[in-house]
Structure formats: structure tokens, C-alpha cells
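Next comes input_22.cif, with mmCIF, C-alpha atoms and all ligand atoms.
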```cif
data_query
loop_
_atom_site.label_atom_id
_atom_site.label_comp_id
_atom_site.auth_asym_id
_atom_site.auth_seq_id
_atom_site.Cartn_x
_atom_site.Cartn_y
_atom_site.Cartn_z
CA MET A 1085 -18.14 -1.67 6.55
CA SER A 1086 -21.40 -1.17 8.32
CA ALA A 1087 -24.31 -3.13 6.93
CA SER A 1088 -24.99 -1.84 3.47
CA PRO A 1089 -28.16 -2.37 1.49
CA HIS A 1090 -26.26 -5.09 -0.37
CA GLU A 1091 -25.64 -7.11 2.75
CA SER A 1092 -29.31 -7.24 3.48
CA ARG A 1093 -29.79 -9.31 0.34
CA GLY A 1094 -27.98 -12.20 1.92
CA ILE A 1095 -24.51 -12.36 0.44
CA PRO A 1096 -22.07 -10.43 2.64
CA LEU A 1097 -20.36 -7.56 0.87
CA HIS A 1098 -16.83 -8.90 1.36
CA THR A 1099 -17.84 -12.19 -0.28
CA LYS A 1100 -19.18 -10.23 -3.23
CA ILE A 1101 -15.95 -8.27 -3.49
CA LEU A 1102 -13.95 -11.49 -3.39
CA GLY A 1103 -16.27 -12.87 -6.07
CA GLY A 1104 -15.60 -9.78 -8.21
CA LEU A 1105 -11.87 -10.32 -7.80
CA LEU A 1106 -12.09 -13.96 -8.89
CA VAL A 1107 -14.45 -13.29 -11.80
CA GLY A 1108 -12.23 -10.44 -13.05
CA ALA A 1109 -9.07 -12.54 -12.75
CA VAL A 1110 -10.46 -15.73 -14.31
CA VAL A 1111 -12.34 -14.05 -17.17
CA GLY A 1112 -9.29 -11.87 -17.85
CA VAL A 1113 -6.92 -14.81 -18.05
CA ILE A 1114 -9.35 -16.76 -20.26
CA CYS A 1115 -9.75 -13.77 -22.63
CA ASN A 1116 -5.99 -13.38 -22.78
CA LEU A 1117 -5.35 -17.05 -23.46
CA THR A 1118 -8.08 -17.46 -26.07
CA LEU A 1119 -8.18 -14.07 -27.79
CA GLY A 1120 -4.91 -12.40 -26.81
CA GLY A 1121 -4.36 -9.08 -25.03
CA THR A 1122 -4.65 -6.97 -28.19
CA HIS A 1123 -7.84 -8.53 -29.60
CA PRO A 1124 -10.46 -5.83 -30.39
CA PHE A 1125 -12.92 -7.45 -27.97
CA VAL A 1126 -10.42 -7.34 -25.09
CA VAL A 1127 -9.30 -3.81 -25.95
CA GLY A 1128 -12.94 -2.66 -26.31
CA THR A 1129 -14.05 -4.29 -23.07
CA ASN A 1130 -11.17 -2.63 -21.25
CA LYS A 1131 -11.85 0.73 -22.83
CA TYR A 1132 -15.62 0.88 -22.47
CA VAL A 1133 -16.60 -1.46 -19.62
CA ALA A 1134 -13.93 -2.82 -17.27
CA GLY A 1135 -11.67 0.26 -17.40
CA PRO A 1136 -14.38 2.86 -16.68
CA ILE A 1137 -15.98 0.80 -13.87
CA GLY A 1138 -12.57 0.28 -12.25
CA ALA A 1139 -11.71 3.96 -12.68
CA ILE A 1140 -15.02 5.13 -11.15
CA PHE A 1141 -14.40 2.93 -8.10
CA LEU A 1142 -10.84 4.27 -7.77
CA ASN A 1143 -12.02 7.87 -8.27
CA LEU A 1144 -14.62 7.49 -5.53
CA LEU A 1145 -11.91 6.36 -3.12
CA PHE A 1146 -9.43 9.05 -4.14
CA MET A 1147 -12.18 11.68 -3.97
CA ILE A 1148 -12.25 11.36 -0.19
CA VAL A 1149 -8.58 10.76 0.60
CA VAL A 1150 -7.71 14.42 1.20
CA PRO A 1151 -10.65 15.39 3.47
CA LEU A 1152 -10.38 12.06 5.27
CA VAL A 1153 -6.65 12.36 5.97
CA PHE A 1154 -7.02 15.93 7.15
CA ALA A 1155 -10.08 15.31 9.34
CA SER A 1156 -8.84 12.04 10.83
CA ILE A 1157 -5.35 13.31 11.63
CA ALA A 1158 -6.60 16.60 13.11
CA LEU A 1159 -9.25 14.79 15.15
CA GLY A 1160 -6.76 12.10 16.12
CA VAL A 1161 -4.25 14.63 17.44
CA ALA A 1162 -6.93 16.70 19.15
CA GLY A 1163 -8.52 13.53 20.56
CA LEU A 1164 -5.24 12.37 22.07
CA GLY A 1165 -5.46 15.59 24.02
CA ASP A 1166 -2.11 16.34 25.41
CA LEU A 1167 0.69 16.99 22.97
CA LYS A 1168 3.20 14.93 24.94
CA ARG A 1169 1.00 11.94 24.29
CA VAL A 1170 0.88 12.78 20.58
CA GLY A 1171 4.69 12.89 20.55
CA ARG A 1172 4.98 9.59 22.37
CA ILE A 1173 2.51 7.80 20.10
CA GLY A 1174 4.11 9.38 17.04
CA ALA A 1175 7.57 8.18 18.08
CA LYS A 1176 6.26 4.71 18.90
CA THR A 1177 4.44 4.51 15.56
CA LEU A 1178 7.52 5.52 13.57
CA GLY A 1179 9.65 3.08 15.58
CA PHE A 1180 7.22 0.26 14.81
CA PHE A 1181 7.23 1.19 11.11
CA LEU A 1182 11.04 1.15 10.99
CA VAL A 1183 11.40 -2.19 12.77
CA THR A 1184 8.79 -3.99 10.64
CA THR A 1185 10.16 -2.47 7.43
CA ALA A 1186 13.69 -3.61 8.27
CA LEU A 1187 12.30 -7.05 9.11
CA SER A 1188 10.54 -7.32 5.77
CA VAL A 1189 13.62 -6.30 3.72
CA THR A 1190 15.64 -8.88 5.62
CA VAL A 1191 13.16 -11.61 4.63
CA GLY A 1192 13.45 -10.54 0.99
CA LEU A 1193 17.25 -10.36 1.01
CA VAL A 1194 17.60 -13.79 2.59
CA MET A 1195 15.17 -15.35 0.12
CA VAL A 1196 16.87 -13.79 -2.90
CA GLN A 1197 20.22 -15.18 -1.72
CA ILE A 1198 18.74 -18.64 -1.29
CA PHE A 1199 17.00 -18.83 -4.68
CA ARG A 1200 19.32 -16.58 -6.72
CA PRO A 1201 16.68 -15.85 -9.40
CA GLY A 1202 19.02 -13.51 -11.31
CA THR A 1203 21.36 -16.32 -12.25
CA ARG A 1204 18.51 -18.20 -13.94
CA ILE A 1205 17.77 -15.59 -16.62
CA THR A 1206 19.19 -16.51 -20.03
CA PRO A 1207 20.98 -13.76 -22.00
CA GLU A 1208 18.33 -14.09 -24.77
CA VAL A 1209 15.47 -13.42 -22.39
CA ARG A 1210 17.39 -10.52 -20.90
CA THR A 1211 17.93 -8.89 -24.30
CA GLN A 1212 14.35 -9.51 -25.34
CA LEU A 1213 12.87 -7.94 -22.18
CA LEU A 1214 15.28 -5.01 -22.28
CA GLU A 1215 14.26 -4.27 -25.88
CA THR A 1216 10.53 -4.59 -25.23
CA TYR A 1217 10.43 -2.25 -22.25
CA ALA A 1218 13.27 0.13 -23.14
CA GLY A 1219 10.90 3.03 -23.93
CA ASP A 1220 8.91 2.65 -20.74
CA ALA A 1221 12.11 2.33 -18.72
CA ALA A 1222 13.44 5.59 -20.20
CA THR A 1223 10.30 7.43 -19.05
CA ARG A 1224 10.67 5.97 -15.56
CA MET A 1225 14.30 7.00 -15.43
CA GLN A 1226 13.37 10.56 -16.28
CA ALA A 1227 10.87 10.49 -13.45
CA ALA A 1228 13.60 9.12 -11.19
CA GLU A 1229 15.85 12.06 -11.97
CA GLN A 1230 13.13 14.48 -10.95
CA SER A 1231 12.21 12.72 -7.74
CA THR A 1232 15.32 13.35 -5.73
CA PHE A 1233 14.85 12.22 -2.19
CA GLY A 1234 16.83 14.32 0.23
CA ILE A 1235 16.77 17.21 2.66
CA GLN A 1236 14.31 19.10 0.46
CA THR A 1237 11.82 16.25 0.89
CA VAL A 1238 11.95 16.82 4.64
CA VAL A 1239 11.62 20.60 4.25
CA ASN A 1240 8.63 20.15 1.94
CA ILE A 1241 6.73 18.19 4.57
CA VAL A 1242 6.22 21.56 6.24
CA THR A 1243 3.83 22.56 3.50
CA ARG A 1244 3.68 26.15 2.34
CA ASN A 1245 0.26 25.74 0.88
CA PRO A 1246 -2.05 23.05 2.23
CA LEU A 1247 -4.45 23.55 -0.68
CA LYS A 1248 -1.67 22.86 -3.17
CA SER A 1249 -0.70 19.79 -1.14
CA ALA A 1250 -4.31 18.68 -1.41
CA VAL A 1251 -4.41 19.23 -5.15
CA ASP A 1252 -1.11 17.37 -5.66
CA LEU A 1253 -2.19 14.58 -3.29
CA ASP A 1254 0.94 15.32 -1.28
CA LEU A 1255 -0.19 13.34 1.73
CA LEU A 1256 2.80 14.14 3.92
CA GLY A 1257 2.06 17.85 3.55
CA ILE A 1258 -1.61 17.29 4.43
CA ILE A 1259 -0.67 15.09 7.39
CA PHE A 1260 1.67 17.76 8.69
CA PHE A 1261 -0.99 20.44 8.32
CA GLY A 1262 -3.50 18.14 10.04
CA ILE A 1263 -1.15 17.52 12.98
CA VAL A 1264 -0.45 21.22 13.46
CA PHE A 1265 -4.16 22.04 13.11
CA GLY A 1266 -5.17 19.36 15.63
CA ALA A 1267 -2.44 20.45 18.05
CA ALA A 1268 -3.55 24.10 17.86
CA LEU A 1269 -7.15 23.00 18.32
CA THR A 1270 -6.31 21.63 21.77
CA LEU A 1271 -4.83 24.97 22.79
CA ILE A 1272 -7.63 27.40 21.95
CA ALA A 1273 -10.64 28.37 24.08
CA ALA A 1274 -12.85 25.34 24.80
CA ASP A 1275 -16.11 26.85 23.47
CA ARG A 1276 -14.55 27.60 20.06
CA ALA A 1277 -12.65 24.31 19.94
CA LYS A 1278 -15.95 22.51 20.40
CA ILE A 1279 -17.38 24.04 17.22
CA MET A 1280 -14.38 23.04 15.12
CA THR A 1281 -14.27 19.55 16.59
CA GLY A 1282 -17.93 19.13 15.72
CA VAL A 1283 -17.31 20.21 12.14
CA LEU A 1284 -14.33 17.86 11.76
CA GLN A 1285 -16.30 15.04 13.32
CA ALA A 1286 -19.14 15.55 10.86
CA LEU A 1287 -16.69 15.75 7.95
CA ASN A 1288 -15.12 12.50 9.09
CA ASP A 1289 -18.49 10.77 9.38
CA ILE A 1290 -19.52 12.00 5.94
CA VAL A 1291 -16.40 10.72 4.20
CA LEU A 1292 -16.71 7.37 5.94
CA LYS A 1293 -20.28 7.19 4.64
CA ILE A 1294 -18.92 7.84 1.15
CA VAL A 1295 -16.59 4.86 1.69
CA ASP A 1296 -19.77 2.80 2.15
CA PHE A 1297 -21.05 4.09 -1.19
CA ALA A 1298 -17.75 3.21 -2.86
CA MET A 1299 -17.82 -0.25 -1.34
CA MET A 1300 -21.24 -0.87 -2.86
CA ILE A 1301 -19.72 -0.75 -6.31
CA ALA A 1302 -16.49 -2.40 -5.11
CA PRO A 1303 -17.37 -5.89 -6.44
CA TYR A 1304 -17.72 -4.46 -9.96
CA GLY A 1305 -14.83 -2.01 -9.64
CA VAL A 1306 -12.51 -4.71 -8.35
CA ALA A 1307 -13.57 -7.07 -11.17
CA GLY A 1308 -12.91 -4.31 -13.72
CA LEU A 1309 -9.48 -3.43 -12.34
CA VAL A 1310 -8.31 -7.03 -12.11
CA PHE A 1311 -9.73 -7.89 -15.54
CA GLY A 1312 -7.71 -4.98 -16.95
CA VAL A 1313 -4.48 -6.45 -15.63
CA THR A 1314 -5.04 -10.14 -16.40
CA SER A 1315 -6.64 -9.71 -19.85
CA ARG A 1316 -3.80 -7.55 -21.07
CA PHE A 1317 -0.85 -9.34 -19.54
CA GLY A 1318 -2.04 -12.91 -19.21
CA LEU A 1319 0.34 -15.47 -17.88
CA ALA A 1320 2.88 -15.75 -20.71
CA LEU A 1321 4.74 -12.72 -19.42
CA LEU A 1322 5.31 -14.39 -16.10
CA LYS A 1323 7.25 -17.36 -17.47
CA PRO A 1324 10.73 -15.96 -18.08
CA LEU A 1325 10.72 -14.23 -14.72
CA ALA A 1326 8.93 -17.00 -12.85
CA VAL A 1327 11.63 -17.59 -10.23
CA TYR A 1328 12.00 -13.87 -9.49
CA ILE A 1329 8.22 -13.48 -9.17
CA ILE A 1330 7.98 -16.52 -6.93
CA VAL A 1331 10.75 -15.17 -4.68
CA VAL A 1332 8.95 -11.81 -4.32
CA LEU A 1333 5.56 -13.41 -3.66
CA LEU A 1334 6.92 -16.08 -1.33
CA SER A 1335 8.85 -13.50 0.69
CA LEU A 1336 5.73 -11.32 0.96
CA LEU A 1337 3.80 -14.37 2.13
CA VAL A 1338 6.45 -15.27 4.72
CA HIS A 1339 6.46 -11.72 6.05
CA THR A 1340 2.67 -11.71 6.28
CA VAL A 1341 2.09 -15.19 7.64
CA VAL A 1342 5.12 -15.52 9.92
CA ASN A 1343 6.11 -12.02 11.00
CA TYR A 1344 2.67 -10.40 11.20
CA SER A 1345 1.17 -13.44 12.90
CA PHE A 1346 4.01 -13.39 15.42
CA LEU A 1347 3.56 -9.67 16.09
CA LEU A 1348 -0.19 -10.07 16.39
CA ARG A 1349 0.02 -13.00 18.77
CA VAL A 1350 2.87 -11.81 20.95
CA PHE A 1351 2.59 -8.03 20.98
CA VAL A 1352 -1.08 -7.45 20.21
CA GLY A 1353 -2.56 -10.55 21.81
CA MET A 1354 -4.93 -11.17 18.93
CA SER A 1355 -5.53 -14.32 16.93
CA PRO A 1356 -4.04 -13.77 13.46
CA LEU A 1357 -6.98 -15.64 11.92
CA ALA A 1358 -9.47 -13.29 13.54
CA PHE A 1359 -7.38 -10.34 12.38
CA PHE A 1360 -7.07 -11.44 8.76
CA SER A 1361 -10.71 -12.39 8.46
CA ARG A 1362 -11.72 -8.93 9.70
CA VAL A 1363 -9.44 -6.97 7.39
CA ARG A 1364 -10.55 -8.63 4.15
CA ALA A 1365 -12.08 -5.47 2.66
CA PRO A 1366 -8.88 -3.36 2.78
CA ILE A 1367 -6.80 -6.36 1.67
CA ILE A 1368 -8.90 -6.86 -1.46
CA THR A 1369 -9.06 -3.12 -2.10
CA ALA A 1370 -5.27 -2.84 -1.85
CA PHE A 1371 -4.79 -5.83 -4.12
CA SER A 1372 -7.06 -4.51 -6.84
CA THR A 1373 -6.06 -0.82 -6.68
CA SER A 1374 -2.29 -1.18 -6.05
CA SER A 1375 -2.54 2.01 -4.04
CA SER A 1376 -2.04 2.47 -0.30
CA SER A 1377 -3.46 6.00 -0.52
CA GLY A 1378 -6.51 4.81 -2.44
CA THR A 1379 -7.07 2.06 0.14
CA LEU A 1380 -6.79 4.42 3.11
CA PRO A 1381 -10.52 5.21 3.38
CA THR A 1382 -11.34 1.50 3.43
CA SER A 1383 -8.59 0.81 6.00
CA ILE A 1384 -9.80 3.52 8.36
CA ALA A 1385 -13.40 2.36 8.10
CA CYS A 1386 -12.33 -1.26 8.67
CA ALA A 1387 -10.06 -0.49 11.64
CA GLU A 1388 -12.86 1.40 13.37
CA GLN A 1389 -15.82 -0.76 12.44
CA LYS A 1390 -14.39 -4.29 12.17
CA LEU A 1391 -11.51 -4.15 14.63
CA GLY A 1392 -13.00 -1.58 16.99
CA VAL A 1393 -9.81 0.50 17.17
CA PRO A 1394 -10.60 3.95 18.64
CA PRO A 1395 -10.90 6.58 15.85
CA GLN A 1396 -8.20 8.82 17.30
CA ILE A 1397 -5.63 5.98 17.03
CA ALA A 1398 -6.81 4.65 13.64
CA GLY A 1399 -7.10 8.19 12.30
CA PHE A 1400 -3.58 9.01 13.41
CA VAL A 1401 -1.67 5.82 12.64
CA LEU A 1402 -3.28 4.76 9.34
CA PRO A 1403 -2.70 7.97 7.31
CA LEU A 1404 0.92 7.96 8.51
CA GLY A 1405 1.16 4.28 7.61
CA ALA A 1406 -0.28 4.74 4.13
CA THR A 1407 2.46 7.23 3.34
CA MET A 1408 5.42 5.99 5.36
CA ASN A 1409 4.97 2.32 6.21
CA MET A 1410 5.55 0.12 3.20
CA ASN A 1411 6.80 -3.29 4.26
CA GLY A 1412 5.86 -4.94 0.98
CA THR A 1413 7.50 -2.21 -1.07
CA SER A 1414 10.80 -2.33 0.81
CA LEU A 1415 10.88 -6.12 0.52
CA PHE A 1416 10.19 -5.90 -3.21
CA GLU A 1417 12.92 -3.28 -3.64
CA GLY A 1418 15.48 -5.40 -1.79
CA VAL A 1419 14.71 -8.50 -3.84
CA THR A 1420 14.73 -6.53 -7.10
CA VAL A 1421 18.04 -4.76 -6.48
CA LEU A 1422 19.79 -8.05 -5.71
CA PHE A 1423 18.00 -9.80 -8.57
CA LEU A 1424 19.09 -7.20 -11.13
CA ALA A 1425 22.61 -7.15 -9.66
CA GLN A 1426 22.72 -10.92 -10.25
CA VAL A 1427 21.38 -10.52 -13.79
CA PHE A 1428 23.99 -7.91 -14.70
CA GLY A 1429 26.80 -9.67 -12.86
CA VAL A 1430 27.35 -6.87 -10.32
CA SER A 1431 28.64 -8.46 -7.14
CA LEU A 1432 27.52 -6.89 -3.89
CA SER A 1433 29.50 -7.47 -0.71
CA LEU A 1434 27.79 -8.04 2.61
CA GLY A 1435 28.48 -4.39 3.43
CA ASP A 1436 26.86 -3.32 0.15
CA GLN A 1437 23.85 -5.43 0.99
CA ALA A 1438 23.57 -3.75 4.38
CA ILE A 1439 23.47 -0.42 2.54
CA VAL A 1440 20.87 -1.81 0.13
CA MET A 1441 18.80 -2.68 3.17
CA VAL A 1442 19.06 0.79 4.67
CA MET A 1443 18.25 2.38 1.30
CA CYS A 1444 15.21 0.14 0.87
CA VAL A 1445 13.89 1.17 4.28
CA ILE A 1446 14.43 4.87 3.56
CA THR A 1447 12.99 4.82 0.05
CA ALA A 1448 9.97 2.79 1.14
CA ILE A 1449 9.21 5.65 3.53
CA GLY A 1450 9.57 8.12 0.67
CA ALA A 1451 7.59 6.18 -1.96
CA ALA A 1452 4.18 7.52 -2.89
CA GLY A 1453 1.25 5.20 -2.16
CA VAL A 1454 0.12 5.00 -5.78
CA PRO A 1455 0.61 2.28 -8.40
CA GLY A 1456 4.30 2.06 -9.25
CA GLY A 1457 5.10 4.73 -6.65
CA SER A 1458 8.33 3.04 -5.65
CA LEU A 1459 9.80 2.59 -9.13
CA PRO A 1460 11.58 5.98 -9.41
CA LEU A 1461 13.22 5.41 -6.03
CA LEU A 1462 14.17 1.88 -6.98
CA ILE A 1463 15.98 3.23 -10.05
CA GLY A 1464 17.87 5.55 -7.70
CA ILE A 1465 19.08 2.61 -5.57
CA LEU A 1466 20.12 0.66 -8.67
CA ALA A 1467 22.22 3.58 -9.85
CA MET A 1468 23.96 3.75 -6.45
CA PHE A 1469 25.29 0.24 -6.91
CA GLY A 1470 26.24 0.47 -10.56
CA VAL A 1471 23.34 -1.66 -11.78
CA PRO A 1472 22.05 -0.11 -15.04
CA GLY A 1473 18.79 1.75 -14.39
CA GLU A 1474 17.49 0.37 -17.69
CA GLY A 1475 17.46 -2.96 -15.87
CA ILE A 1476 14.09 -1.86 -14.54
CA ALA A 1477 12.86 -2.73 -18.05
CA LEU A 1478 13.32 -6.39 -17.16
CA ILE A 1479 10.63 -6.27 -14.52
CA LEU A 1480 8.27 -3.57 -15.84
CA GLY A 1481 6.08 -6.09 -17.62
CA VAL A 1482 5.29 -7.93 -14.41
CA ASP A 1483 5.41 -4.98 -12.05
CA ARG A 1484 1.64 -4.53 -11.90
CA ILE A 1485 1.13 -8.03 -10.50
CA LEU A 1486 3.93 -7.53 -7.97
CA ASP A 1487 2.54 -4.09 -7.13
CA MET A 1488 -0.83 -5.62 -6.28
CA ALA A 1489 0.84 -8.08 -3.93
CA ARG A 1490 3.23 -5.62 -2.26
CA THR A 1491 0.52 -3.00 -1.75
CA THR A 1492 -1.57 -5.64 0.02
CA VAL A 1493 1.31 -6.24 2.43
CA ASN A 1494 1.85 -2.48 2.84
CA VAL A 1495 -1.76 -1.99 3.90
CA THR A 1496 -1.81 -5.09 6.12
CA GLY A 1497 1.28 -3.74 7.88
CA ASP A 1498 -0.50 -0.44 8.57
CA LEU A 1499 -3.42 -2.27 10.13
CA VAL A 1500 -1.12 -4.42 12.28
CA ALA A 1501 0.64 -1.22 13.42
CA THR A 1502 -2.70 0.33 14.34
CA THR A 1503 -3.68 -2.60 16.56
CA PHE A 1504 -0.22 -2.61 18.13
CA ILE A 1505 -0.37 1.08 19.00
CA ALA A 1506 -3.96 0.88 20.25
CA LYS A 1507 -3.09 -2.10 22.45
CA SER A 1508 0.10 -0.57 23.81
CA GLU A 1509 -1.76 2.63 24.67
CA LYS A 1510 -4.29 0.51 26.57
CA VAL A 1511 -7.22 2.10 24.72
CA TRP A 1512 -8.29 -1.07 22.94
CA ASP A 1513 -8.74 -4.67 23.94
CA PRO A 1514 -8.31 -7.35 21.26
CA LYS A 1515 -10.59 -9.61 23.29
CA VAL A 1516 -13.48 -7.19 22.85
CA LEU A 1517 -14.08 -6.97 19.11
CA PRO A 1518 -17.16 -5.51 17.46
CA ALA A 1519 -19.80 -7.99 16.35
CA VAL A 1520 -19.60 -8.60 12.61
N1 LIG B 1601 1.81 0.75 -4.95
C1 LIG B 1601 2.51 0.81 -3.70
C2 LIG B 1601 1.56 1.38 -2.65
O1 LIG B 1601 0.68 2.15 -2.96
C3 LIG B 1601 3.76 1.61 -3.75
C4 LIG B 1601 4.78 0.90 -4.60
O2 LIG B 1601 5.45 0.00 -4.07
O3 LIG B 1601 4.94 1.19 -5.78
O4 LIG B 1601 1.67 1.04 -1.49
#
```

Show me this structure written as C-alpha cells.
Ligand code: ASP
Amino acid sequence: MSASPHESRGIPLHTKILGGLLVGAVVGVICNLTLGGTHPFVVGTNKYVAGPIGAIFLNLLFMIVVPLVFASIALGVAGLGDLKRVGRIGAKTLGFFLVTTALSVTVGLVMVQIFRPGTRITPEVRTQLLETYAGDAATRMQAAEQSTFGIQTVVNIVTRNPLKSAVDLDLLGIIFFGIVFGAALTLIAADRAKIMTGVLQALNDIVLKIVDFAMMIAPYGVAGLVFGVTSRFGLALLKPLAVYIIVVLLSLLVHTVVNYSFLLRVFVGMSPLAFFSRVRAPIITAFSTSSSSGTLPTSIACAEQKLGVPPQIAGFVLPLGATMNMNGTSLFEGVTVLFLAQVFGVSLSLGDQAIVMVMCVITAIGAAGVPGGSLPLLIGILAMFGVPGEGIALILGVDRILDMARTTVNVTGDLVATTFIAKSEKVWDPKVLPAV
């Protein structure tokens, strides 16, 4: 973010946000361990203090997602100028998304085969978890039935009503409208196009300024959101599923540290350390909000201001990434399908696992960038392989923690993709980074 009034007081904003994250997590865990998640003090704090602050922060970010996606995509497409170039960059971006998503599922599948967390769950724990989360699982399964992912999903991308897409936060519809709008903008008379471009530019600048406002309360919002999770769930929940959780987190870490660092070094030519230290704000935002869509404003601001990626590339690649590129989600889905198959004694051949991989890639593209957005699709994959959909109940209790981690990887992957595209288009030089 550009220097905010907070930074002038000495402590950099990202340090404050990190501080908020730690304070929220530590105080939450302490409250949970000493008082318990249902103690009136914990419930009251969540209801009247931590919850509202977290929600206001989230609302501020969501408030600008629609105008930002529309303005940045339309400007991005118009800024790229010729439509052939838009097509080429679009194809390259989707190709990069597919390759990195497949890579991340592979990491997850290999790790789950090595550690076999599903074989370590005792039947008692299984029954207990299934009973506790049965109700929640039933609701999720209903949602899964409604969210069929097929040809209609593709047809619906061509939105009939952009305003309805905006109201429903149907980002793919808005992205499509933005692309068509930007493309048409390059084809009309120059004097009129100039007016519209100016308006879009101003809209874009305004929403990015609102991101600055949101980031001012980010330290408190992040603390509130993280407190909400840790105070309610504590650590006890993690114990019976410890190996499964470790496999998911370790795989996410391997994908981030090994694969992203490799891509950054070899294909982008940027030091991974420099990259990660510059993208702290979106990483922390993704972790605390569990929402790629909610993090999008912060990612766009960071890519432009901290990495120096040209707005037309960041504005084009990042909205697409927030909706379609979910490396962390696909990895999580792969691990979870195999984990639950192990728990329920469903054996999956190598061929089945290859199909699991393809399904994880496809559903990660289709998952909405909101907390728990992938769960309905995950239930769909489970059903395909004869693993009871209720099995999702086993992991629901810990899903929020895993969601925080996978969303962080999802957003990091989008930012890596943005640098890759900018570099390959020769419009950005990783050696010339903005001063921070
Ligand atoms: N929360 C994830 C995201 O927004 C989606 C998911 O995996 O549930 O990226």
C-alpha cells in the first residue's frame, strides 16, 4: 500500500497487520484454553467486538470487489490494445493456471500416499466426528446438489445481466462483461473512447484508495477475524486429525516454498525472498479472510505498488486468478479425497487417482473464492468415487484453519502468475522494483 497515515507514525502497516494476526491468534487460543469456546465472555467478545470489527474490515473489501474487477479488467483489456494480444495473454494465463494447479495437486497426492493419514483415524474418533458434524454436513450436501458444475456453468459465464452478476458476486460473469466492454472500447471512435477510459481510470483509482482505507483498519480487522476462529475452536479439535492437517499444511508449504520459488527464480528471474517480503499484505489478508475474492483489492494494489507490475497486466491476470486459479484449494481437495477414501476403506487405483487429480483441477477452477467455497464441489468428487459425502463431517471442524492456509496459497499463486505474465510479455523487469 502507499504510505498511509499509520506508516508515518513509525511502525510500518504490514508489521501492524502481522501484529494484529498474532495478537488475535494468541489471545484467542488463551481464551479457548482457559475459558472454553462457549464461555459467555468469549461468546460476547466475538459477538460485540471481534466479530463486528472483522466483519467491517471484510465488508470494506467486498464493497469494492465488483467495481474493481470490472474497471481493472476493462482497462486491462483496453490497455493491452490489440485483441490478438488479449487472446495470447489470456491463453498464456490460463495455461499457467492449469500447469501450477496440476503441480499443486500432485504434491498433495504424493504426500497423502506417503503419510497415509486416513489409516491413523480410530473408529471411535470417526464415529464421534461424524455425529458432531452430521447436521452441518447435511446442509453442505444440499448445497452440493444445487451447485452442479457443467455445461451450464460455461454458458452462464456469458452473463445475461451484469447487474445481477454484480449483486450475486458472480465474478466470472463480471469478468466476462469487463472483457467484452474493454474489447469494444478499443474499437470505437478515439475521442469517445478517451472519455470512457478516463472514467474507468478514475473509478479504478478511487477503489484502490478505498483499499488504503480498509488497510488502515486491517490490523484490528485481522485480529478480530483470527480471534473468532481460535477462541471458538482452540487446539483440541486439531488433535484427532493432526496427521491429516499436517499433511495438508506441509504440502501447501512445499508447493509454496519449492514450486513457487522455483518458478520465480527460473521463469520470472526474481528472488523468492524479495517476492514474499513484498506480498505480505495480501498474504495476511488471505489468511485472515479465507477469501480470494475478498483479498483481490489488496492483491491488485500490492502487485501494482509493491511489485511494480503494470496495471493492465495486474488488472487482467489477478481477477481471473482470484476466480480460476486455486492451487491451494486443488491440493487440499486432492489430499482430502484420498484421506477420506482411506478412512472409509475405499481403495482407489492409480487410474482413479489420475481422475481425482483432473477433477481437483477442474473443481478448483469452478470453486467460488469465498470461505468454504470449494466444499460443495469436494462433496461432488467424493460422491464420484463412492466415498460417503457425509465424510465431509470429519473435516468440517478444522476446515476454517485449512481454508485460511489454502486461500493464502491460492492468492500467492495469483501473484506469481501475474509476475510471470508481466515478465514474459516484456513489460516488467523484476530487477527494477518500486522503492518500499
Ligand atoms: N476459500 C478459498 C478461496 O477463497 C476457496 C476454498 O478453497 O474454499 O480461495

Test item: residues lying within 9 Å of ligand LIG 1601 (chain B) with all atoms listed in the file, as a ChimeraX atom specification:
/A:1370,1373-1379,1406-1407,1409-1414,1416-1417,1448,1451-1460,1483-1484,1486-1495

Let me have the centre and edge lengths in Å, one decimal, of the box along x, y and z around every listed atom of segment 1363-1379 of chain A with 3 Å of margin on each side, as JSON.
```
{"center_x": -7.1, "center_y": -1.3, "center_z": 0.3, "size_x": 16.0, "size_y": 20.6, "size_z": 20.2}
```

Who sits within 12 Å of Ala1250 of chain A, all atoms listed in the file, same chain under 3 positions skipped, as a list in words
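My reading of the contact set: Phe1146, Met1147, Ile1148, Val1149, Val1150, Pro1151, Leu1152, Val1153, Phe1154, Thr1243, Arg1244, Asn1245, Pro1246, Leu1247, Leu1253, Asp1254, Leu1255, Leu1256, Gly1257, Ile1258, Ile1259, Phe1260, Phe1261 and Gly1262 of chain A.
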
Atom-to-atom span, atom CA of Asn1116 of chain A and atom CA of Val1313 of chain A, Å:
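So the two atoms, atom CA of Asn1116 of chain A and atom CA of Val1313 of chain A, lie 10.1 Å apart.
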
Around (5.1, -10.2, -18.6) in the file's own coordinates, what residues are found within 9 Å if you use all atoms listed in the file, given back as a ChimeraX atom specification?
/A:1213,1317-1325,1479-1483
